[in-house]
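J.: Sharing work16.tsv here; it has TSV, C-alpha atoms.
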chain	number	residue	atom	x	y	z
A	164	MET	CA	57.72	-9.79	16.31
A	165	ILE	CA	56.13	-9.04	19.68
A	166	THR	CA	57.56	-6.04	21.50
A	167	GLU	CA	56.97	-5.70	25.21
A	168	GLU	CA	56.92	-2.18	26.58
A	169	VAL	CA	59.76	-1.69	29.02
A	170	SER	CA	58.86	-0.12	32.34
A	171	ILE	CA	61.06	1.36	35.04
A	172	GLU	CA	60.08	-1.64	37.19
A	173	ASN	CA	61.40	-4.03	34.50
A	174	ILE	CA	64.69	-2.15	34.41
A	175	ARG	CA	65.01	-2.07	38.21
A	176	ASP	CA	64.22	-5.79	38.50
A	177	TYR	CA	66.83	-6.60	35.86
A	178	TRP	CA	69.63	-4.71	37.65
A	179	ASP	CA	68.55	-5.94	41.10
A	180	ALA	CA	68.87	-9.51	39.81
A	181	ARG	CA	72.30	-8.89	38.25
A	182	PRO	CA	74.11	-5.72	39.35
A	183	CYS	CA	76.55	-4.48	36.72
A	184	ASN	CA	79.92	-6.30	36.88
A	185	ILE	CA	78.78	-8.54	39.76
A	186	ARG	CA	80.32	-11.53	37.97
A	187	HIS	CA	83.74	-9.98	37.43
A	188	SER	CA	85.21	-12.08	40.22
A	189	LYS	CA	84.70	-15.58	41.57
A	190	LYS	CA	85.80	-14.49	45.05
A	191	GLU	CA	83.21	-14.07	47.79
A	192	VAL	CA	81.03	-11.05	46.94
A	193	GLY	CA	81.72	-8.35	49.50
A	194	SER	CA	85.24	-9.44	50.41
A	195	LEU	CA	88.26	-7.19	49.96
A	196	GLU	CA	89.70	-9.69	47.47
A	197	TYR	CA	86.46	-9.63	45.48
A	198	PHE	CA	86.44	-5.83	45.17
A	199	GLN	CA	90.14	-5.73	44.29
A	200	GLU	CA	89.68	-8.30	41.52
A	201	VAL	CA	86.59	-6.51	40.13
A	202	THR	CA	88.50	-3.21	40.03
A	203	GLU	CA	91.53	-4.77	38.34
A	204	ARG	CA	89.37	-6.47	35.74
A	205	ARG	CA	87.31	-3.36	34.97
A	206	TYR	CA	90.30	-1.11	34.35
A	207	ARG	CA	92.20	-3.81	32.45
A	208	ALA	CA	89.19	-4.21	30.13
A	209	GLU	CA	88.48	-0.47	29.97
A	210	PRO	CA	91.78	1.32	30.61
A	211	HIS	CA	90.38	4.58	29.22
A	212	ILE	CA	88.04	5.08	32.21
A	213	PRO	CA	90.62	6.40	34.74
A	214	ARG	CA	92.07	8.79	32.16
A	215	TRP	CA	88.63	9.99	31.10
A	216	ALA	CA	87.14	10.27	34.62
A	217	GLU	CA	90.21	12.02	36.09
A	218	PHE	CA	89.38	10.70	39.56
A	219	ASP	CA	92.11	12.77	41.25
A	220	LYS	CA	90.82	16.01	39.74
A	221	TRP	CA	87.69	15.89	41.94
A	222	ALA	CA	89.30	15.90	45.41
A	223	GLY	CA	87.20	18.05	47.73
A	224	LYS	CA	84.47	18.40	45.09
A	225	ARG	CA	80.90	17.08	45.21
A	226	VAL	CA	80.46	14.19	42.76
A	227	LEU	CA	77.13	12.59	41.84
A	228	GLU	CA	77.36	9.30	39.98
A	229	ILE	CA	74.22	8.24	38.13
A	230	GLY	CA	74.29	4.46	38.01
A	231	VAL	CA	76.71	3.39	40.73
A	232	GLY	CA	76.71	-0.30	39.80
A	233	ILE	CA	78.78	-2.06	42.46
A	234	GLY	CA	80.80	1.07	43.19
A	235	THR	CA	84.00	0.59	41.21
A	236	ASP	CA	84.30	4.10	39.80
A	237	GLY	CA	82.69	5.62	42.89
A	238	ALA	CA	85.36	4.08	45.11
A	239	GLU	CA	88.04	5.68	42.94
A	240	PHE	CA	86.42	9.11	43.24
A	241	ALA	CA	86.17	8.71	47.03
A	242	ARG	CA	89.69	7.28	47.34
A	243	HIS	CA	90.97	10.42	45.62
A	244	GLY	CA	89.08	12.70	48.04
A	245	ALA	CA	85.78	13.47	46.29
A	246	ILE	CA	82.64	14.09	48.33
A	247	TYR	CA	80.79	11.24	46.71
A	248	THR	CA	77.10	10.43	46.23
A	249	GLY	CA	76.23	7.26	44.36
A	250	PHE	CA	72.78	7.04	42.83
A	251	ASP	CA	71.15	3.96	41.32
A	252	LEU	CA	67.75	2.55	40.47
A	253	SER	CA	68.88	-0.79	41.90
A	254	SER	CA	68.80	-1.15	45.68
A	255	LYS	CA	70.96	-4.29	45.35
A	256	SER	CA	73.63	-2.32	43.48
A	257	CYS	CA	73.65	0.41	46.13
A	258	GLU	CA	73.87	-2.22	48.86
A	259	ILE	CA	76.96	-3.83	47.31
A	260	ALA	CA	78.56	-0.45	46.54
A	261	GLN	CA	78.03	0.67	50.13
A	262	GLN	CA	79.56	-2.60	51.32
A	263	ARG	CA	82.59	-1.88	49.09
A	264	PHE	CA	83.00	1.55	50.68
A	265	GLU	CA	82.84	0.02	54.16
A	266	VAL	CA	85.40	-2.69	53.30
A	267	LEU	CA	87.74	-0.07	51.80
A	268	GLY	CA	87.22	2.47	54.62
A	269	LEU	CA	85.75	5.09	52.28
A	270	SER	CA	82.92	7.52	52.89
A	271	GLY	CA	80.09	8.17	50.51
A	272	ASN	CA	76.34	8.52	50.33
A	273	PHE	CA	74.10	6.14	48.42
A	274	VAL	CA	70.63	6.96	47.17
A	275	VAL	CA	68.18	4.58	45.50
A	276	GLY	CA	65.80	6.11	42.99
A	277	ASN	CA	64.90	6.84	39.39
A	278	ALA	CA	67.28	9.26	37.68
A	279	GLU	CA	64.29	10.58	35.75
A	280	ASP	CA	63.35	12.24	39.08
A	281	LEU	CA	66.72	13.90	39.85
A	282	THR	CA	65.25	17.31	40.63
A	283	GLU	CA	62.78	15.83	43.12
A	284	LEU	CA	65.38	13.60	44.75
A	285	PHE	CA	68.02	16.34	45.10
A	286	PRO	CA	65.94	19.53	45.38
A	287	ASN	CA	68.52	21.56	47.29
A	288	GLU	CA	71.78	19.92	46.29
A	289	LYS	CA	74.31	20.95	43.67
A	290	PHE	CA	77.20	18.84	42.43
A	291	ASP	CA	80.50	19.86	40.86
A	292	LEU	CA	80.52	16.75	38.67
A	293	ILE	CA	77.68	14.58	37.48
A	294	TYR	CA	79.26	11.36	36.24
A	295	SER	CA	77.62	8.46	34.46
A	296	PHE	CA	79.29	5.73	32.46
A	297	GLY	CA	77.07	3.49	30.31
A	298	VAL	CA	73.89	4.03	32.29
A	299	ILE	CA	71.52	6.75	31.10
A	300	HIS	CA	70.62	4.96	27.86
A	301	HIS	CA	69.04	2.17	29.95
A	302	SER	CA	66.31	4.54	31.13
A	303	VAL	CA	62.76	4.57	29.83
A	304	ASP	CA	63.22	8.28	29.02
A	305	PRO	CA	66.93	9.24	28.81
A	306	GLN	CA	66.12	12.76	27.66
A	307	LYS	CA	64.19	13.38	30.88
A	308	ILE	CA	67.39	12.68	32.83
A	309	ILE	CA	69.51	14.89	30.59
A	310	ASP	CA	67.01	17.75	30.85
A	311	GLN	CA	67.35	17.76	34.65
A	312	LEU	CA	71.13	17.74	34.93
A	313	THR	CA	71.43	21.53	35.10
A	314	ASN	CA	69.03	21.56	38.07
A	315	VAL	CA	71.50	19.63	40.23
A	316	LEU	CA	74.73	20.93	38.70
A	317	ALA	CA	76.71	23.67	40.47
A	318	ASP	CA	77.28	26.87	38.51
A	319	ALA	CA	80.80	25.88	37.47
A	320	GLY	CA	80.02	22.16	37.43
A	321	VAL	CA	80.62	19.56	34.73
A	322	SER	CA	78.30	16.83	33.47
Here is a file; write its structure as C-alpha cells.
T.:
Amino acid sequence: MITEEVSIENIRDYWDARPCNIRHSKKEVGSLEYFQEVTERRYRAEPHIPRWAEFDKWAGKRVLEIGVGIGTDGAEFARHGAIYTGFDLSSKSCEIAQQRFEVLGLSGNFVVGNAEDLTELFPNEKFDLIYSFGVIHHSVDPQKIIDQLTNVLADAGVS
C-alpha cells in the first residue's frame, strides 16, 4: 500500500473543490432557497446540533467558528445575536458563507487561514466561544490547534 503524505495544501484544495454540504440542495448556489434547503437538510439529518450548540445562548458574545463550511451553523449563531467570526482553510467555503450572510441580512467576519496558526491570526482577540463541528480532525496536526485554543479564548470562555 502506498501512502501519500497529506499536506495543508492538499486539504485546502480538497475543501475548495467541494465545500462541506455544498451538494445539500439542487437549488442555485447562493440563492435564498438554496440556503434554506441546506439548513433544513442539515438539521433534519443532525437534529442534535441546535441543542448541542445552544445558538441562542451566545447572543452578544464573541463566537469563533473553526471550519465555517458554507455557514450553516454560523448563520444560526449570528441570527441569534452572536458577534460571529467564521474561520476556514478554504477560501471558497468562506466566500459562500459570506454570501449566505449577505442573502440573510446577517453580519459576521470571515477569515481564511490555517487553524494551526490561530495565535498568529488572532493575536489580540479573545472569544467567548470557540466552536467547531467535525473539522479539527481534518488538520495535518490537530493537537497544534487544540494547544492554541486557550490563547484566543476569553477568561470565562468555552471551547
J.: Could you tell me how far atom CA of A:Phe240 sits from atom CA of A:Pro213, in Å to one decimal place?
T.: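 Computing it gives 9.9 Å between the two atoms.
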J.: Hey, which of A:Val298, A:Ile171, A:Val226, A:Ala208 ends up closest to A:Ala317? Count all atoms listed in the file.
T.: A:Val226
J.: What is the distance, in Å and to one decimal place, between atom CA of A:Phe285 and atom CA of A:Ser253?
T.: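 We find that atom CA of A:Phe285 and atom CA of A:Ser253 lie 17.4 Å from each other.
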J.: So, with all atoms listed in the file as the atoms that count, which of A:Ile309, A:Val303, A:Cys257, A:Ile229 lies closest to A:Asn173?
T.: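 So, comparing all the options, the nearest one is A:Val303.
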J.: Using all atoms listed in the file, pick whichever of A:Gly234, A:Thr248, A:Ser194, A:Lys307 has the shortest atom-to-atom distance to A:Glu288.
T.: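 For A:Glu288, the nearest of the given residues is A:Thr248.
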J.: One decimal, Å: what's the distance from atom CA of A:Leu227 over to atom CA of A:Ser188, could you say?
T.: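 Atom CA of A:Ser188 lies at a distance of 26.0 Å from atom CA of A:Leu227.
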J.: Could you give me, as a list in words, the residues within 12 Å of A:Glu172, counting all atoms listed in the file and dropping anything in the same chain fewer than 5 positions from it?
T.: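 What passes the distance filter is Tyr177, Trp178, Asp179, Leu252, Ser253, Gly276, Asn277, Ser302 and Val303 of chain A.
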J.: Which residues are close to A:Ser295, i.e. within 12 Å by only C-alpha atoms, leaving aside same-chain residues fewer than 6 positions away? Reply as a list in words.
T.: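 Within the cut-off, the hits are Ile212, Trp215, Ala216, Val226, Leu227, Glu228, Ile229, Gly230, Val231, Gly232, Gly234, Asp236, Gly237, Thr248, Gly249, Phe250, Asp251, Ala278, His301, Ile308, Ile309, Leu312, Val321 and Ser322 of chain A.
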J.: Considering all atoms listed in the file, state which residue in the set A:Asp176, A:Asp304, A:Asp318, A:Asp291 is at the smallest distance from A:Tyr247.
T.: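 Result for the nearest residue to A:Tyr247: A:Asp291.
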J.: Considering only C-alpha atoms, state which residue in the set A:Thr282, A:Ser270, A:Gln261, A:Gln311 is at the smallest distance from A:Ala245.
T.: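 Selected residue with least distance to A:Ala245: A:Ser270.
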J.: When you get a chance, write out all heavy atoms for stretch 305-316 of chain A, as a PDB file, keeping the file's coordinate frame.
T.:
ATOM      1  N   PRO A 305      65.618   8.632  28.573  1.00  0.00           N
ATOM      2  CA  PRO A 305      66.930   9.240  28.810  1.00  0.00           C
ATOM      3  C   PRO A 305      66.929  10.768  28.715  1.00  0.00           C
ATOM      4  O   PRO A 305      67.623  11.439  29.478  1.00  0.00           O
ATOM      5  CB  PRO A 305      67.821   8.630  27.724  1.00  0.00           C
ATOM      6  CG  PRO A 305      67.138   7.384  27.319  1.00  0.00           C
ATOM      7  CD  PRO A 305      65.675   7.640  27.499  1.00  0.00           C
ATOM      8  N   GLN A 306      66.146  11.310  27.815  1.00  0.00           N
ATOM      9  CA  GLN A 306      66.120  12.760  27.660  1.00  0.00           C
ATOM     10  C   GLN A 306      65.614  13.452  28.921  1.00  0.00           C
ATOM     11  O   GLN A 306      66.073  14.537  29.267  1.00  0.00           O
ATOM     12  CB  GLN A 306      65.255  13.163  26.451  1.00  0.00           C
ATOM     13  CG  GLN A 306      65.384  14.628  26.096  1.00  0.00           C
ATOM     14  CD  GLN A 306      66.808  15.026  25.706  1.00  0.00           C
ATOM     15  OE1 GLN A 306      67.436  14.370  24.880  1.00  0.00           O
ATOM     16  NE2 GLN A 306      67.322  16.088  26.294  1.00  0.00           N
ATOM     17  N   LYS A 307      64.715  12.814  29.619  1.00  0.00           N
ATOM     18  CA  LYS A 307      64.190  13.380  30.880  1.00  0.00           C
ATOM     19  C   LYS A 307      65.320  13.533  31.904  1.00  0.00           C
ATOM     20  O   LYS A 307      65.358  14.509  32.648  1.00  0.00           O
ATOM     21  CB  LYS A 307      63.067  12.511  31.427  1.00  0.00           C
ATOM     22  CG  LYS A 307      62.330  13.128  32.583  1.00  0.00           C
ATOM     23  CD  LYS A 307      61.115  12.305  32.953  1.00  0.00           C
ATOM     24  CE  LYS A 307      60.380  12.958  34.102  1.00  0.00           C
ATOM     25  NZ  LYS A 307      59.227  12.149  34.526  1.00  0.00           N
ATOM     26  N   ILE A 308      66.237  12.594  31.925  1.00  0.00           N
ATOM     27  CA  ILE A 308      67.390  12.680  32.830  1.00  0.00           C
ATOM     28  C   ILE A 308      68.288  13.829  32.386  1.00  0.00           C
ATOM     29  O   ILE A 308      68.664  14.682  33.194  1.00  0.00           O
ATOM     30  CB  ILE A 308      68.182  11.351  32.837  1.00  0.00           C
ATOM     31  CG1 ILE A 308      67.312  10.220  33.372  1.00  0.00           C
ATOM     32  CG2 ILE A 308      69.463  11.507  33.672  1.00  0.00           C
ATOM     33  CD1 ILE A 308      67.902   8.840  33.186  1.00  0.00           C
ATOM     34  N   ILE A 309      68.615  13.860  31.126  1.00  0.00           N
ATOM     35  CA  ILE A 309      69.510  14.890  30.590  1.00  0.00           C
ATOM     36  C   ILE A 309      68.949  16.289  30.834  1.00  0.00           C
ATOM     37  O   ILE A 309      69.681  17.204  31.228  1.00  0.00           O
ATOM     38  CB  ILE A 309      69.792  14.631  29.097  1.00  0.00           C
ATOM     39  CG1 ILE A 309      70.612  13.345  28.961  1.00  0.00           C
ATOM     40  CG2 ILE A 309      70.495  15.808  28.447  1.00  0.00           C
ATOM     41  CD1 ILE A 309      70.661  12.772  27.577  1.00  0.00           C
ATOM     42  N   ASP A 310      67.647  16.441  30.658  1.00  0.00           N
ATOM     43  CA  ASP A 310      67.010  17.750  30.850  1.00  0.00           C
ATOM     44  C   ASP A 310      67.118  18.260  32.283  1.00  0.00           C
ATOM     45  O   ASP A 310      67.045  19.462  32.516  1.00  0.00           O
ATOM     46  CB  ASP A 310      65.548  17.699  30.430  1.00  0.00           C
ATOM     47  CG  ASP A 310      65.365  17.541  28.923  1.00  0.00           C
ATOM     48  OD1 ASP A 310      66.343  17.761  28.167  1.00  0.00           O
ATOM     49  OD2 ASP A 310      64.246  17.169  28.507  1.00  0.00           O
ATOM     50  N   GLN A 311      67.290  17.367  33.245  1.00  0.00           N
ATOM     51  CA  GLN A 311      67.350  17.760  34.650  1.00  0.00           C
ATOM     52  C   GLN A 311      68.750  18.006  35.186  1.00  0.00           C
ATOM     53  O   GLN A 311      68.915  18.500  36.302  1.00  0.00           O
ATOM     54  CB  GLN A 311      66.687  16.681  35.524  1.00  0.00           C
ATOM     55  CG  GLN A 311      65.207  16.530  35.272  1.00  0.00           C
ATOM     56  CD  GLN A 311      64.648  15.481  36.180  1.00  0.00           C
ATOM     57  OE1 GLN A 311      64.534  15.697  37.382  1.00  0.00           O
ATOM     58  NE2 GLN A 311      64.331  14.330  35.620  1.00  0.00           N
ATOM     59  N   LEU A 312      69.764  17.651  34.426  1.00  0.00           N
ATOM     60  CA  LEU A 312      71.130  17.740  34.930  1.00  0.00           C
ATOM     61  C   LEU A 312      71.487  19.137  35.413  1.00  0.00           C
ATOM     62  O   LEU A 312      72.130  19.291  36.451  1.00  0.00           O
ATOM     63  CB  LEU A 312      72.130  17.264  33.873  1.00  0.00           C
ATOM     64  CG  LEU A 312      72.049  15.781  33.505  1.00  0.00           C
ATOM     65  CD1 LEU A 312      73.074  15.460  32.434  1.00  0.00           C
ATOM     66  CD2 LEU A 312      72.193  14.885  34.712  1.00  0.00           C
ATOM     67  N   THR A 313      71.074  20.161  34.682  1.00  0.00           N
ATOM     68  CA  THR A 313      71.430  21.530  35.100  1.00  0.00           C
ATOM     69  C   THR A 313      70.770  21.925  36.412  1.00  0.00           C
ATOM     70  O   THR A 313      71.259  22.822  37.089  1.00  0.00           O
ATOM     71  CB  THR A 313      71.058  22.555  34.007  1.00  0.00           C
ATOM     72  OG1 THR A 313      69.670  22.443  33.711  1.00  0.00           O
ATOM     73  CG2 THR A 313      71.893  22.337  32.756  1.00  0.00           C
ATOM     74  N   ASN A 314      69.693  21.249  36.795  1.00  0.00           N
ATOM     75  CA  ASN A 314      69.030  21.560  38.070  1.00  0.00           C
ATOM     76  C   ASN A 314      69.833  21.120  39.282  1.00  0.00           C
ATOM     77  O   ASN A 314      69.643  21.632  40.375  1.00  0.00           O
ATOM     78  CB  ASN A 314      67.643  20.900  38.122  1.00  0.00           C
ATOM     79  CG  ASN A 314      66.707  21.420  37.066  1.00  0.00           C
ATOM     80  OD1 ASN A 314      66.838  22.541  36.592  1.00  0.00           O
ATOM     81  ND2 ASN A 314      65.757  20.605  36.664  1.00  0.00           N
ATOM     82  N   VAL A 315      70.713  20.131  39.105  1.00  0.00           N
ATOM     83  CA  VAL A 315      71.500  19.630  40.230  1.00  0.00           C
ATOM     84  C   VAL A 315      72.996  19.882  40.040  1.00  0.00           C
ATOM     85  O   VAL A 315      73.829  19.429  40.826  1.00  0.00           O
ATOM     86  CB  VAL A 315      71.239  18.131  40.505  1.00  0.00           C
ATOM     87  CG1 VAL A 315      69.804  17.919  40.949  1.00  0.00           C
ATOM     88  CG2 VAL A 315      71.551  17.265  39.298  1.00  0.00           C
ATOM     89  N   LEU A 316      73.342  20.615  39.005  1.00  0.00           N
ATOM     90  CA  LEU A 316      74.730  20.930  38.700  1.00  0.00           C
ATOM     91  C   LEU A 316      75.107  22.308  39.246  1.00  0.00           C
ATOM     92  O   LEU A 316      74.379  23.281  39.035  1.00  0.00           O
ATOM     93  CB  LEU A 316      74.940  20.894  37.176  1.00  0.00           C
ATOM     94  CG  LEU A 316      76.366  20.967  36.662  1.00  0.00           C
ATOM     95  CD1 LEU A 316      77.179  19.766  37.118  1.00  0.00           C
ATOM     96  CD2 LEU A 316      76.342  21.043  35.141  1.00  0.00           C
TER      97      LEU A 316
END
